[in-house]
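Shown here: start02.cif, mmCIF, C-alpha atoms and all ligand atoms.
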data_input
#
loop_
_atom_site.label_atom_id
_atom_site.label_comp_id
_atom_site.auth_asym_id
_atom_site.auth_seq_id
_atom_site.Cartn_x
_atom_site.Cartn_y
_atom_site.Cartn_z
CA MET M 1 27.69 21.35 62.05
CA LEU M 2 26.07 22.38 65.34
CA SER M 3 22.89 23.90 64.06
CA GLY M 4 19.97 23.32 66.44
CA LYS M 5 22.30 22.67 69.39
CA ASN M 6 22.12 24.72 72.58
CA ILE M 7 25.35 25.10 74.50
CA LEU M 8 25.54 26.62 77.94
CA ILE M 9 28.96 27.88 78.99
CA GLY M 10 29.66 28.49 82.67
CA ILE M 11 32.71 30.64 83.37
CA THR M 12 34.34 30.88 86.81
CA GLY M 13 36.98 33.26 88.14
CA GLY M 14 40.20 32.15 86.49
CA ILE M 15 42.57 33.93 84.12
CA ALA M 16 41.91 31.29 81.41
CA ALA M 17 38.48 32.96 81.02
CA TYR M 18 40.19 35.11 78.36
CA LYS M 19 40.14 32.07 76.03
CA ILE M 20 36.34 31.65 76.15
CA PRO M 21 35.42 34.40 73.62
CA SER M 22 37.35 32.48 70.91
CA LEU M 23 35.41 29.33 71.80
CA ILE M 24 32.08 31.18 71.65
CA ARG M 25 33.00 32.44 68.15
CA LEU M 26 33.81 28.90 66.98
CA LEU M 27 30.54 27.53 68.38
CA LYS M 28 28.45 30.34 66.88
CA LYS M 29 30.17 29.93 63.49
CA ALA M 30 29.25 26.21 63.59
CA GLY M 31 25.60 27.17 64.08
CA ALA M 32 25.14 26.59 67.83
CA GLU M 33 23.10 28.78 70.18
CA VAL M 34 25.34 29.84 73.05
CA GLN M 35 24.27 31.12 76.45
CA VAL M 36 26.86 32.20 78.99
CA VAL M 37 26.46 32.17 82.77
CA VAL M 38 29.27 33.40 85.01
CA THR M 39 30.13 33.42 88.70
CA PRO M 40 30.45 36.89 90.27
CA MET M 41 34.28 36.52 90.31
CA ALA M 42 34.43 35.67 86.60
CA LYS M 43 33.37 39.14 85.53
CA GLU M 44 36.58 40.47 87.11
CA PHE M 45 38.43 38.50 84.42
CA ILE M 46 36.25 39.10 81.37
CA THR M 47 33.71 41.78 80.58
CA PRO M 48 29.98 41.04 80.42
CA LEU M 49 29.81 43.18 77.26
CA THR M 50 32.31 40.93 75.41
CA LEU M 51 30.41 37.79 76.39
CA SER M 52 26.91 39.02 75.57
CA THR M 53 28.03 40.58 72.28
CA LEU M 54 29.70 37.39 71.07
CA SER M 55 26.99 35.00 72.29
CA GLY M 56 24.16 37.27 71.14
CA ARG M 57 22.37 36.67 74.46
CA PRO M 58 22.36 38.66 77.70
CA LEU M 59 24.98 37.40 80.14
CA LEU M 60 23.52 35.69 83.21
CA ILE M 61 25.16 36.37 86.57
CA ASP M 62 22.63 36.61 89.37
CA PHE M 63 19.36 34.86 90.24
CA HIS M 64 17.73 38.26 90.03
CA ASP M 65 18.69 40.79 87.36
CA THR M 66 18.15 44.12 89.12
CA LYS M 67 18.37 46.10 85.84
CA SER M 68 15.63 44.24 83.94
CA GLY M 69 13.80 43.01 87.05
CA LYS M 70 13.98 39.50 85.52
CA TRP M 71 14.29 36.35 87.66
CA ASN M 72 16.75 33.91 86.07
CA SER M 73 15.38 30.43 86.66
CA HIS M 74 18.16 27.87 87.09
CA ILE M 75 15.58 25.12 86.51
CA GLU M 76 14.68 26.45 83.05
CA LEU M 77 18.33 27.14 82.32
CA GLY M 78 19.24 23.57 83.29
CA MET M 79 16.72 22.16 80.82
CA TRP M 80 17.78 24.37 77.90
CA PRO M 81 21.19 23.03 76.79
CA ASP M 82 22.23 19.94 74.85
CA LEU M 83 25.57 20.31 76.58
CA MET M 84 26.94 22.39 79.45
CA LEU M 85 30.62 23.34 79.60
CA ILE M 86 32.15 24.82 82.74
CA ALA M 87 35.44 26.42 81.69
CA PRO M 88 37.65 27.50 83.22
CA VAL M 89 36.58 25.81 86.42
CA THR M 90 38.45 26.86 89.55
CA ALA M 91 39.30 24.67 92.56
CA ASN M 92 36.69 26.66 94.49
CA THR M 93 33.86 25.92 92.03
CA MET M 94 34.84 22.24 91.76
CA GLY M 95 34.58 22.00 95.56
CA LYS M 96 31.11 23.53 95.40
CA MET M 97 30.01 21.25 92.54
CA VAL M 98 31.12 18.16 94.46
CA ASN M 99 29.41 19.22 97.68
CA GLY M 100 26.31 20.83 96.19
CA ILE M 101 27.06 24.28 97.64
CA ALA M 102 24.54 26.16 95.56
CA ASP M 103 25.37 29.79 96.33
CA ASN M 104 25.34 31.19 92.79
CA LEU M 105 23.42 30.84 89.53
CA LEU M 106 26.13 28.75 87.86
CA ILE M 107 26.14 26.06 90.57
CA THR M 108 22.34 25.89 90.87
CA THR M 109 22.18 25.51 87.09
CA TYR M 110 24.84 22.76 87.22
CA LEU M 111 22.80 20.91 89.84
CA SER M 112 19.64 21.21 87.72
CA ALA M 113 21.17 20.41 84.32
CA LYS M 114 19.81 17.37 82.45
CA CYS M 115 22.52 17.27 79.76
CA PRO M 116 26.11 15.97 79.62
CA ILE M 117 28.44 18.31 81.50
CA MET M 118 32.07 18.92 80.55
CA PHE M 119 34.47 20.70 82.89
CA ALA M 120 37.86 22.18 82.09
CA PRO M 121 39.96 22.89 85.21
CA ALA M 122 42.58 25.64 85.06
CA MET M 123 44.84 26.60 87.96
CA ASP M 124 48.41 26.66 89.17
CA LEU M 125 50.26 23.34 89.12
CA ASP M 126 50.46 22.92 92.92
CA MET M 127 46.76 23.63 93.33
CA TYR M 128 45.96 21.08 90.61
CA LYS M 129 48.12 18.44 92.32
CA HIS M 130 46.70 19.06 95.81
CA PRO M 131 44.87 15.99 97.17
CA SER M 132 41.74 18.09 97.63
CA THR M 133 41.65 18.99 93.92
CA VAL M 134 42.60 15.45 92.86
CA ASN M 135 39.74 14.04 94.97
CA ASN M 136 37.24 16.60 93.68
CA VAL M 137 38.13 15.79 90.05
CA LYS M 138 37.65 12.07 90.82
CA ARG M 139 34.27 12.73 92.42
CA LEU M 140 33.12 14.90 89.52
CA LEU M 141 34.05 12.07 87.15
CA ALA M 142 32.22 9.55 89.34
CA ASP M 143 29.16 11.80 89.13
CA GLY M 144 29.24 11.33 85.35
CA ASN M 145 30.85 14.65 84.33
CA ILE M 146 33.34 14.73 81.47
CA LEU M 147 36.82 16.05 82.20
CA ILE M 148 38.73 18.21 79.73
CA GLU M 149 42.16 17.66 81.18
CA PRO M 150 44.46 20.64 81.60
CA LYS M 151 47.70 20.53 79.69
CA GLU M 152 51.30 20.99 80.77
CA GLY M 153 52.77 24.34 79.83
CA GLU M 154 53.50 27.87 80.89
CA LEU M 155 51.00 29.12 83.46
CA ALA M 156 49.84 32.68 84.12
CA SER M 157 51.87 32.66 87.36
CA GLY M 158 55.05 32.23 85.33
CA LEU M 159 55.46 28.66 86.58
CA CYS M 160 55.48 25.74 84.21
CA GLY M 161 53.46 22.53 84.72
CA GLU M 162 50.05 20.92 84.55
CA GLY M 163 47.10 23.28 85.01
CA ARG M 164 46.86 25.15 81.72
CA MET M 165 43.34 25.05 80.27
CA GLU M 166 42.94 23.28 76.93
CA GLU M 167 42.92 25.58 73.86
CA PRO M 168 39.54 26.77 72.44
CA THR M 169 40.01 24.86 69.15
CA GLU M 170 40.55 21.59 71.08
CA ILE M 171 37.58 22.24 73.38
CA PHE M 172 35.46 22.95 70.29
CA GLU M 173 36.43 19.55 68.79
CA LEU M 174 35.63 17.77 72.06
CA ILE M 175 32.21 19.45 72.18
CA VAL M 176 31.46 18.42 68.58
CA ASP M 177 32.50 14.81 69.33
CA GLN M 178 30.41 14.74 72.48
CA LEU M 179 27.31 16.08 70.73
CA LYS M 180 27.70 13.60 67.86
CA LYS M 181 27.92 10.75 70.35
CA LYS M 182 25.17 12.00 72.57
CA ALA M 183 22.29 11.16 70.31
CA ASP M 184 23.19 7.62 69.33
CA LEU M 185 21.76 5.91 72.42
CA ALA M 186 18.89 8.32 73.03
CA ASP M 187 15.62 6.50 73.95
CA LYS M 188 17.52 3.31 74.80
CA THR M 189 17.40 1.65 78.21
CA ILE M 190 20.50 -0.37 79.02
CA LEU M 191 20.99 -2.95 81.76
CA ILE M 192 24.61 -3.19 82.88
CA SER M 193 26.05 -5.48 85.55
CA ALA M 194 29.35 -4.64 87.25
CA GLY M 195 31.77 -5.85 89.87
CA PRO M 196 32.21 -9.13 91.69
CA THR M 197 29.72 -11.14 93.71
CA HIS M 198 30.34 -12.35 97.26
CA GLU M 199 29.06 -15.79 98.20
CA ALA M 200 28.72 -16.06 101.97
CA ILE M 201 30.36 -18.94 103.85
CA ASP M 202 29.39 -17.60 107.29
CA PRO M 203 28.56 -14.10 108.63
CA VAL M 204 32.17 -12.92 108.21
CA ARG M 205 33.58 -14.87 105.26
CA PHE M 206 32.77 -15.15 101.60
CA ILE M 207 34.04 -16.49 98.28
CA GLY M 208 34.73 -13.59 95.93
CA ASN M 209 36.96 -12.44 93.08
CA HIS M 210 39.23 -9.51 92.20
CA SER M 211 36.80 -7.64 89.91
CA SER M 212 36.90 -3.88 90.71
CA GLY M 213 33.74 -2.99 88.78
CA ILE M 214 35.55 -0.18 86.90
CA MET M 215 34.70 -1.56 83.44
CA GLY M 216 30.96 -1.80 84.19
CA TYR M 217 30.84 1.67 85.77
CA GLU M 218 32.74 3.20 82.81
CA LEU M 219 30.26 1.54 80.45
CA ALA M 220 27.39 3.02 82.48
CA LYS M 221 28.88 6.52 82.30
CA THR M 222 29.55 6.23 78.56
CA CYS M 223 26.00 5.04 77.85
CA VAL M 224 24.53 7.93 79.89
CA ALA M 225 26.78 10.44 78.13
CA ARG M 226 25.40 9.11 74.83
CA GLY M 227 21.80 9.63 75.85
CA ALA M 228 20.76 6.26 77.35
CA LYS M 229 18.96 5.44 80.57
CA VAL M 230 20.96 2.88 82.56
CA ILE M 231 20.00 0.28 85.14
CA LEU M 232 23.29 -0.57 86.83
CA VAL M 233 23.27 -3.76 88.88
CA SER M 234 26.43 -3.58 90.94
CA GLY M 235 28.13 -6.15 93.11
CA PRO M 236 30.19 -4.91 96.09
CA THR M 237 32.63 -2.19 94.89
CA HIS M 238 34.08 1.06 96.21
CA LEU M 239 32.82 2.95 93.16
CA SER M 240 30.01 5.48 93.02
CA ILE M 241 27.88 6.95 90.29
CA SER M 242 25.12 9.51 90.51
CA SER M 243 23.10 10.68 87.57
CA PRO M 244 19.35 11.12 87.19
CA LYS M 245 19.67 8.71 84.25
CA VAL M 246 21.17 5.87 86.30
CA LYS M 247 19.13 3.55 88.49
CA LEU M 248 21.71 1.87 90.73
CA ILE M 249 20.76 -1.50 92.23
CA LYS M 250 23.33 -2.74 94.74
CA VAL M 251 23.59 -6.48 95.26
CA ILE M 252 25.99 -8.80 97.03
CA SER M 253 25.48 -12.38 95.89
CA ALA M 254 25.05 -14.04 92.49
CA GLU M 255 21.47 -14.86 93.48
CA GLU M 256 20.66 -11.20 94.20
CA MET M 257 22.33 -10.19 90.94
CA ASN M 258 20.33 -12.84 89.10
CA ASN M 259 17.05 -11.58 90.58
CA ALA M 260 17.77 -7.90 89.80
CA CYS M 261 18.90 -8.67 86.23
CA ILE M 262 16.11 -11.10 85.33
CA THR M 263 13.42 -8.77 86.75
CA ASN M 264 14.64 -5.79 84.71
CA PHE M 265 15.59 -7.70 81.55
CA PRO M 266 12.18 -7.60 79.78
CA GLU M 267 12.12 -3.77 79.89
CA VAL M 268 15.55 -3.05 78.40
CA ASP M 269 16.83 -2.67 74.84
CA ILE M 270 20.43 -3.67 75.52
CA THR M 271 22.09 -5.74 78.26
CA ILE M 272 25.81 -5.73 79.00
CA MET M 273 26.91 -8.34 81.55
CA ALA M 274 30.29 -6.99 82.67
CA ALA M 275 30.05 -8.47 86.19
CA ALA M 276 32.30 -11.28 87.31
CA VAL M 277 29.53 -13.48 88.68
CA ALA M 278 30.52 -16.44 90.87
CA ASP M 279 29.89 -19.74 89.13
CA TYR M 280 29.56 -21.58 92.46
CA LYS M 281 28.38 -20.74 95.97
CA PRO M 282 28.62 -22.61 99.29
CA LYS M 283 25.72 -25.09 99.55
CA LYS M 284 25.03 -23.93 103.11
CA LYS M 285 25.74 -20.60 104.79
CA SER M 286 26.58 -21.09 108.46
CA ASN M 287 24.58 -18.71 110.67
CA GLN M 288 27.42 -18.65 113.20
CA LYS M 289 31.05 -17.81 112.55
CA ILE M 290 32.83 -21.11 111.83
CA LYS M 291 35.36 -21.69 114.62
CA LYS M 292 38.83 -23.03 114.09
CA SER M 293 39.02 -26.74 114.89
CA ASN M 294 41.48 -29.56 114.56
CA SER M 295 39.82 -31.00 111.48
CA ILE M 296 40.06 -29.02 108.23
CA PRO M 297 36.54 -28.00 107.10
CA THR M 298 35.25 -28.76 103.63
CA ILE M 299 33.00 -26.27 101.88
CA GLU M 300 30.55 -27.98 99.57
CA LEU M 301 29.74 -25.84 96.54
CA VAL M 302 26.66 -25.75 94.31
CA PRO M 303 26.35 -23.93 90.96
CA THR M 304 24.77 -20.48 90.73
CA ASN M 305 22.38 -19.57 87.91
CA ASP M 306 24.13 -18.50 84.73
CA ILE M 307 22.34 -15.15 84.36
CA LEU M 308 23.66 -14.42 80.88
CA ALA M 309 22.72 -17.86 79.57
CA LYS M 310 19.20 -17.45 81.00
CA MET M 311 18.82 -14.06 79.33
CA GLY M 312 20.00 -15.66 76.07
CA THR M 313 16.95 -17.95 76.20
CA LEU M 314 14.57 -15.07 77.07
CA LYS M 315 15.96 -12.60 74.51
CA LYS M 316 13.50 -10.98 72.09
CA GLN M 317 14.40 -10.11 68.48
CA SER M 318 14.59 -6.41 69.39
CA GLN M 319 17.05 -6.90 72.27
CA LEU M 320 20.84 -6.95 72.16
CA LEU M 321 22.75 -9.13 74.61
CA ILE M 322 26.44 -8.58 75.30
CA GLY M 323 28.63 -10.80 77.47
CA PHE M 324 32.21 -10.76 78.70
CA ALA M 325 34.71 -13.59 78.63
CA LEU M 326 37.86 -13.70 80.70
CA GLU M 327 40.18 -16.34 79.31
CA THR M 328 43.71 -17.50 79.90
CA ASN M 329 44.16 -19.93 77.00
CA ASN M 330 42.59 -20.74 73.63
CA GLU M 331 40.93 -17.34 74.09
CA ILE M 332 39.23 -16.64 70.75
CA GLU M 333 37.83 -20.17 70.38
CA ASN M 334 36.49 -20.22 73.96
CA ALA M 335 34.92 -16.78 73.54
CA LYS M 336 33.26 -17.79 70.23
CA GLN M 337 31.88 -20.86 71.96
CA LYS M 338 30.45 -18.72 74.80
CA LEU M 339 28.86 -16.35 72.27
CA GLU M 340 27.15 -19.32 70.63
CA ASN M 341 26.16 -21.19 73.82
CA LYS M 342 24.68 -18.14 75.52
CA ASN M 343 22.97 -16.75 72.35
CA LEU M 344 24.85 -13.43 72.49
CA ASP M 345 25.09 -10.66 69.91
CA LEU M 346 28.56 -9.62 71.00
CA ILE M 347 31.23 -10.89 73.36
CA VAL M 348 34.02 -8.81 74.89
CA LEU M 349 37.12 -10.92 75.36
CA ASN M 350 39.67 -10.02 78.04
CA SER M 351 42.80 -12.06 77.91
CA LEU M 352 44.79 -12.38 81.09
CA GLN M 353 47.80 -12.99 78.79
CA HIS M 354 48.05 -9.22 78.21
CA LYS M 355 49.94 -7.12 80.76
CA GLY M 356 47.73 -4.28 82.04
CA ALA M 357 44.49 -6.02 81.11
CA GLY M 358 41.84 -7.59 83.31
CA PHE M 359 40.81 -7.32 86.96
CA GLY M 360 41.74 -4.37 89.16
CA GLN M 361 43.60 -2.48 86.41
CA SER M 362 42.71 0.99 85.14
CA THR M 363 43.47 -0.20 81.61
CA ASN M 364 42.16 -3.08 79.53
CA GLN M 365 42.94 -4.83 76.26
CA ILE M 366 39.99 -6.41 74.54
CA SER M 367 38.84 -8.16 71.40
CA LEU M 368 35.22 -7.88 70.26
CA ILE M 369 33.59 -10.86 68.57
CA ASP M 370 30.18 -10.47 66.92
CA ARG M 371 27.57 -12.98 65.73
CA ASN M 372 29.31 -13.30 62.36
CA LYS M 373 32.40 -14.37 64.34
CA GLN M 374 34.21 -11.23 63.15
CA VAL M 375 37.06 -10.49 65.55
CA ALA M 376 38.25 -6.92 66.17
CA ASP M 377 41.39 -6.52 68.31
CA PHE M 378 42.01 -3.32 70.27
CA GLU M 379 45.13 -1.89 71.90
CA LEU M 380 45.72 -1.56 75.63
CA LYS M 381 43.83 1.60 76.71
CA PRO M 382 42.26 3.27 79.76
CA LYS M 383 38.95 1.55 80.63
CA LYS M 384 37.06 4.77 79.80
CA GLU M 385 38.27 4.50 76.17
CA VAL M 386 37.61 0.76 76.12
CA ALA M 387 34.02 1.55 77.15
CA SER M 388 33.74 3.88 74.12
CA ASP M 389 35.04 1.16 71.78
CA ILE M 390 32.47 -1.32 73.14
CA VAL M 391 29.61 1.19 72.90
CA ASN M 392 30.62 2.19 69.33
CA LYS M 393 30.36 -1.47 68.33
CA ILE M 394 26.98 -1.87 70.08
CA VAL M 395 25.65 1.21 68.27
CA SER M 396 26.77 -0.32 64.95
CA LEU M 397 24.67 -3.43 65.77
CA LEU M 398 21.47 -1.47 66.51
N1 LIG F 1 27.94 -14.81 83.85
C1 LIG F 1 26.63 -14.80 84.33
N2 LIG F 1 26.26 -15.63 85.35
C2 LIG F 1 27.13 -16.47 85.89
C3 LIG F 1 28.48 -16.53 85.41
C4 LIG F 1 28.84 -15.68 84.39
O1 LIG F 1 25.83 -14.00 83.83
N3 LIG F 1 26.75 -17.26 86.88
C5 LIG F 1 28.31 -13.93 82.74
C6 LIG F 1 29.39 -12.92 83.04
O2 LIG F 1 28.85 -11.69 83.49
C7 LIG F 1 30.06 -12.75 81.70
C8 LIG F 1 29.90 -14.10 81.04
O3 LIG F 1 28.84 -14.74 81.73
O4 LIG F 1 29.42 -11.79 80.89
C9 LIG F 1 31.11 -14.98 81.01
O5 LIG F 1 31.48 -15.40 82.25
P1 LIG F 1 32.70 -16.45 82.47
O6 LIG F 1 32.76 -16.74 83.93
O7 LIG F 1 33.92 -15.92 81.82
O8 LIG F 1 32.23 -17.67 81.65
P2 LIG F 1 31.48 -18.94 82.07
O9 LIG F 1 30.42 -19.12 81.08
O10 LIG F 1 31.09 -18.88 83.50
O11 LIG F 1 32.57 -20.07 81.81
P3 LIG F 1 34.01 -20.35 82.47
O12 LIG F 1 34.00 -19.77 83.86
O13 LIG F 1 34.09 -21.79 82.42
O14 LIG F 1 35.00 -19.68 81.57
#

Transcribe the structure of this file into structure tokens.
Amino acid sequence: MLSGKNILIGITGGIAAYKIPSLIRLLKKAGAEVQVVVTPMAKEFITPLTLSTLSGRPLLIDFHDTKSGKWNSHIELGMWPDLMLIAPVTANTMGKMVNGIADNLLITTYLSAKCPIMFAPAMDLDMYKHPSTVNNVKRLLADGNILIEPKEGELASGLCGEGRMEEPTEIFELIVDQLKKKADLADKTILISAGPTHEAIDPVRFIGNHSSGIMGYELAKTCVARGAKVILVSGPTHLSISSPKVKLIKVISAEEMNNACITNFPEVDITIMAAAVADYKPKKKSNQKIKKSNSIPTIELVPTNDILAKMGTLKKQSQLLIGFALETNNEIENAKQKLENKNLDLIVLNSLQHKGAGFGQSTNQISLIDRNKQVADFELKPKKEVASDIVNKIVSLL
């Protein structure tokens, strides 16, 4: 099942390290090559002999192996795997990963790695709930890493709660799923737009909308995890993403978004317009702040370019074009019409009728409509899972 796959396991100093030998056995049985790298603390929890015997490769701990005289290059190590798993990962190592504190071989390898990276935290429940840990997990996710969430249960301390590392059989399944997915967008370049646009009225005011950008950013992360290069054109959001495979272009207005998208469009294989682009902008932007006066001002609006519609006219046979539709009534018919009018291959319909779906939510409920007008309805789910559903459909259209 995993023959030809290289898996690098990084182990840090947590008691859950005792579970890793079972995982190595499962991976080896499935045909994978496994290399283990540990932090100095980790070898207090599990013996180097166990790990090298099971993996069939010498355990890597230091930059310089004094016994063999060999220099362990983190650059080479970072290029070797198809997937890197850091498990268990302690609060200490997560802090170092987030801040780039590269004081051991595991962290330097993490910073050099070119593959998808999964991390499985394990610690006591209060440590896991601490705002510092919560923030570090969020930042690791924003950097494109894949979280293997700890489970609730009995902890080594004797306490009971969230913080228990996932079981080896489950981690094995997640690795298999990830590796299966990884290849299906390899060699593809994908243009994704995200977030709102702000149309300036004067230097301090604008016309905007409630889009958070989460859906577009989740799509970007999913595409990268599945092997694609992404050009992410983002309107103003509080989100961040950093991956060598993402080129982030930050824009503010619909015009800037139009320019960035149209310039990059000829070079990409797939375009997903998830942004909530303003349909109108003020005809004139005042250079001075508009002062309050006795008469009520009128703002004259002019239409913006419909970026998606323009791309529909430029689209080559080899390109896929995906749009979003946010509707409040007659949803399916309106979305089908948009698919037709804008020459799309797929349209993602968000209905504001569904509770928990749409702008500013962490969840979404969508329907996907393809060129054959086939409608597939999905349940309400976290936006990360919605992104997977959308990408699975896109892959089926390739
Ligand atoms: N879109 C775009 N450029 C615009 C407006 C919208 O590229 N100026 C894209 C959005 O990113 C989305 C799709 O068009 O993928 C649908 O946007 P929406 O505003 O829902 O539809 P419109 O065609 O603008 O029609 P209406 O607002 O009347 O529903």

Would you list the contacts of Arg57 in chain M as a PyMOL selection string, taking every protein, DNA or RNA residue within 12 Å and counting all atoms listed in the file, but skipping same-chain residues closer than 2 positions in sequence?
chain M and resi 7-9+24+28+33-37+48-55+59-60

What does the structure give for the distance between CA of Lys284 in chain M and CA of Ile296 in chain M, in Å to one decimal?
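Distance between the two atoms: 16.7 Å.
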
Around ligand LIG 1 (chain F), fit a box with edges along x, y and z, padding it by 5 Å on each side, then list its centre and edge lengths in Å to one decimal as lines of an AutoDock Vina configuration file.
center_x = 30.4
center_y = -16.7
center_z = 83.9
size_x = 19.2
size_y = 20.1
size_z = 16.0

Which residue is closest to Ala142 in chain M? Choose from M:Thr313, M:Thr108, M:Ser295, M:Ser243 and count only C-alpha atoms.
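Comparing M:Thr313, M:Thr108, M:Ser295, M:Ser243 against Ala142 in chain M, the winner is M:Ser243.
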
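Among the candidate residues M:Ile15, M:Ile272, M:Val375, M:Ala122, the one lying nearest to ligand LIG 1 (chain F) is M:Ile272, with distances computed using all atoms listed in the file.
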
Can you check which parts of range 109-164 of chain M lie within 12 Å of range 234-241 of chain M? Per residue, the shortest pair of atoms and distance in Å to one decimal, counting only C-alpha atoms, sorted by chain and number, as a Markdown table.
| residue | atom | partner | partner_atom | distance |
| --- | --- | --- | --- | --- |
| M:Lys138 | CA | M:Ser240 | CA | 10.3 |
| M:Arg139 | CA | M:Ser240 | CA | 8.4 |
| M:Leu140 | CA | M:Ile241 | CA | 9.6 |
| M:Leu141 | CA | M:Ile241 | CA | 8.6 |
| M:Ala142 | CA | M:Ile241 | CA | 5.1 |
| M:Asp143 | CA | M:Ile241 | CA | 5.1 |
| M:Gly144 | CA | M:Ile241 | CA | 6.7 |
| M:Asn145 | CA | M:Ile241 | CA | 10.2 |

Restricted to C-alpha atoms, what would the selected residues look like written as a JSON list (two decimals), keeping the file's coordinate frame?
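The resulting file, out.json, is reproduced below:
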[["chain", "number", "residue", "atom", "x", "y", "z"],
["M", 138, "LYS", "CA", 37.65, 12.07, 90.82],
["M", 139, "ARG", "CA", 34.27, 12.73, 92.42],
["M", 140, "LEU", "CA", 33.12, 14.90, 89.52],
["M", 141, "LEU", "CA", 34.05, 12.07, 87.15],
["M", 142, "ALA", "CA", 32.22, 9.55, 89.34],
["M", 143, "ASP", "CA", 29.16, 11.80, 89.13],
["M", 144, "GLY", "CA", 29.24, 11.33, 85.35],
["M", 145, "ASN", "CA", 30.85, 14.65, 84.33]]

Hey, which of M:Ala276, M:Leu27, M:Ala254, M:Val98 ends up closest to Pro303 in chain M? Count all atoms listed in the file.
M:Ala254

If you count only C-alpha atoms, which residues fall within 6 Å of Leu344 in chain M, apart from same-chain ones fewer than 2 positions away, as a VMD selection string?
chain M and resid 321 to 322 339 342 346

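As for CA of Tyr110 in chain M and CA of Gln178 in chain M, they are spaced 17.7 Å apart.
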
Please build the interface table for chain M against ligand LIG 1 (chain F) with a cut-off of 10 Å, listing for each qualifying residue the nearest atom pair and the distance in Å to one decimal; count all atoms listed in the file, order rows by chain and increasing number, and write it as CSV.
residue,atom,partner,partner_atom,distance
M:Ile192,CA,F:LIG1,O2,9.5
M:Ser193,CA,F:LIG1,O2,7.1
M:Ala194,CA,F:LIG1,O2,8.0
M:Gly195,CA,F:LIG1,O2,9.1
M:Pro196,CA,F:LIG1,O2,9.2
M:Thr197,CA,F:LIG1,N3,9.6
M:Ala254,CA,F:LIG1,N3,6.7
M:Glu255,CA,F:LIG1,N3,8.8
M:Met257,CA,F:LIG1,N2,8.7
M:Asn258,CA,F:LIG1,N2,7.6
M:Cys261,CA,F:LIG1,O1,9.1
M:Thr271,CA,F:LIG1,O4,9.9
M:Ile272,CA,F:LIG1,O4,7.3
M:Met273,CA,F:LIG1,O4,4.3
M:Ala274,CA,F:LIG1,O2,5.0
M:Ala275,CA,F:LIG1,O2,4.4
M:Ala276,CA,F:LIG1,O2,5.2
M:Val277,CA,F:LIG1,C3,4.6
M:Ala278,CA,F:LIG1,N3,5.6
M:Asp279,CA,F:LIG1,N3,4.6
M:Tyr280,CA,F:LIG1,N3,7.6
M:Lys281,CA,F:LIG1,N3,9.9
M:Pro303,CA,F:LIG1,N3,7.8
M:Thr304,CA,F:LIG1,N3,5.4
M:Asn305,CA,F:LIG1,N3,5.0
M:Asp306,CA,F:LIG1,N3,3.6
M:Ile307,CA,F:LIG1,O1,3.7
M:Leu308,CA,F:LIG1,O1,3.7
M:Ala309,CA,F:LIG1,O1,6.5
M:Lys310,CA,F:LIG1,O1,8.0
M:Met311,CA,F:LIG1,O1,8.3
M:Gly312,CA,F:LIG1,O1,9.8
M:Leu321,CA,F:LIG1,O4,9.5
M:Ile322,CA,F:LIG1,O4,7.1
M:Gly323,CA,F:LIG1,O4,3.6
M:Phe324,CA,F:LIG1,O4,3.7
M:Ala325,CA,F:LIG1,O7,4.0
M:Leu326,CA,F:LIG1,O7,4.7
M:Glu327,CA,F:LIG1,O14,6.6
M:Thr328,CA,F:LIG1,O14,9.1
M:Glu331,CA,F:LIG1,O14,9.8
M:Asn334,CA,F:LIG1,O14,7.8
M:Ala335,CA,F:LIG1,O7,8.4
M:Gln337,CA,F:LIG1,O9,9.4
M:Lys338,CA,F:LIG1,O9,6.3
M:Leu339,CA,F:LIG1,C8,9.1
M:Asn341,CA,F:LIG1,O9,8.7
M:Lys342,CA,F:LIG1,O9,8.1
M:Leu344,CA,F:LIG1,O4,9.7
M:Ile347,CA,F:LIG1,O4,7.8
M:Val348,CA,F:LIG1,O4,8.1
M:Leu349,CA,F:LIG1,O7,8.8
M:Asn350,CA,F:LIG1,O7,9.1

Which protein, DNA or RNA residues have an atom at most 10 Å from (49.7, 31.1, 82.7), counting all atoms listed in the file? List them as a VMD selection string.
chain M and resid 15 to 16 122 to 124 153 to 161 163 to 165

Spatial neighbours of Pro203 in chain M, max dist 12 Å, all atoms listed in the file, sep filter under 5 positions, as a ChimeraX atom specification:
/M:198,284-291

For a test of reading the model, state the distance in Å between CA of Pro168 in chain M and CA of Leu23 in chain M, rounded to one decimal.
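Interatomic distance here is 4.9 Å.
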
Long-range neighbours of range 376-393 of chain M as a ChimeraX atom specification, 8 Å cut-off, all atoms listed in the file, 2 positions minimum in chain
/M:214-215,218-219,222-223,348,356-357,362-369,374,395-397

Would you give me, as CSV, each residue of range 187-292 of chain M having an atom within 12 Å of an atom of range 62-84 of chain M, along with its shortest atom pair and that distance in Å to one decimal, using only C-alpha atoms and sorting by chain and residue number?
residue,atom,partner,partner_atom,distance
M:Ala225,CA,M:Leu83,CA,10.1
M:Arg226,CA,M:Asp82,CA,11.3
M:Gly227,CA,M:Asp82,CA,10.4

Polymer residues at most 12 Å from Glu173 in chain M, all atoms listed in the file, same-chain spacing of 6 or more positions, as a PyMOL selection string:
chain M and resi 1-2+23+26-27+30+148+166-167+179-180

Which of these, M:Val251, M:Val268, M:Ile11, M:Ala220, has the shortest distance to Leu106 in chain M once you count all atoms listed in the file?
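So, comparing all the options, the nearest one is M:Ile11.
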
Which one is closest to Lys188 in chain M: M:Arg205, M:Lys247, M:Lys229, M:Lys151? Count only C-alpha atoms.
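Among M:Arg205, M:Lys247, M:Lys229, M:Lys151, it is M:Lys229 that comes nearest to Lys188 in chain M.
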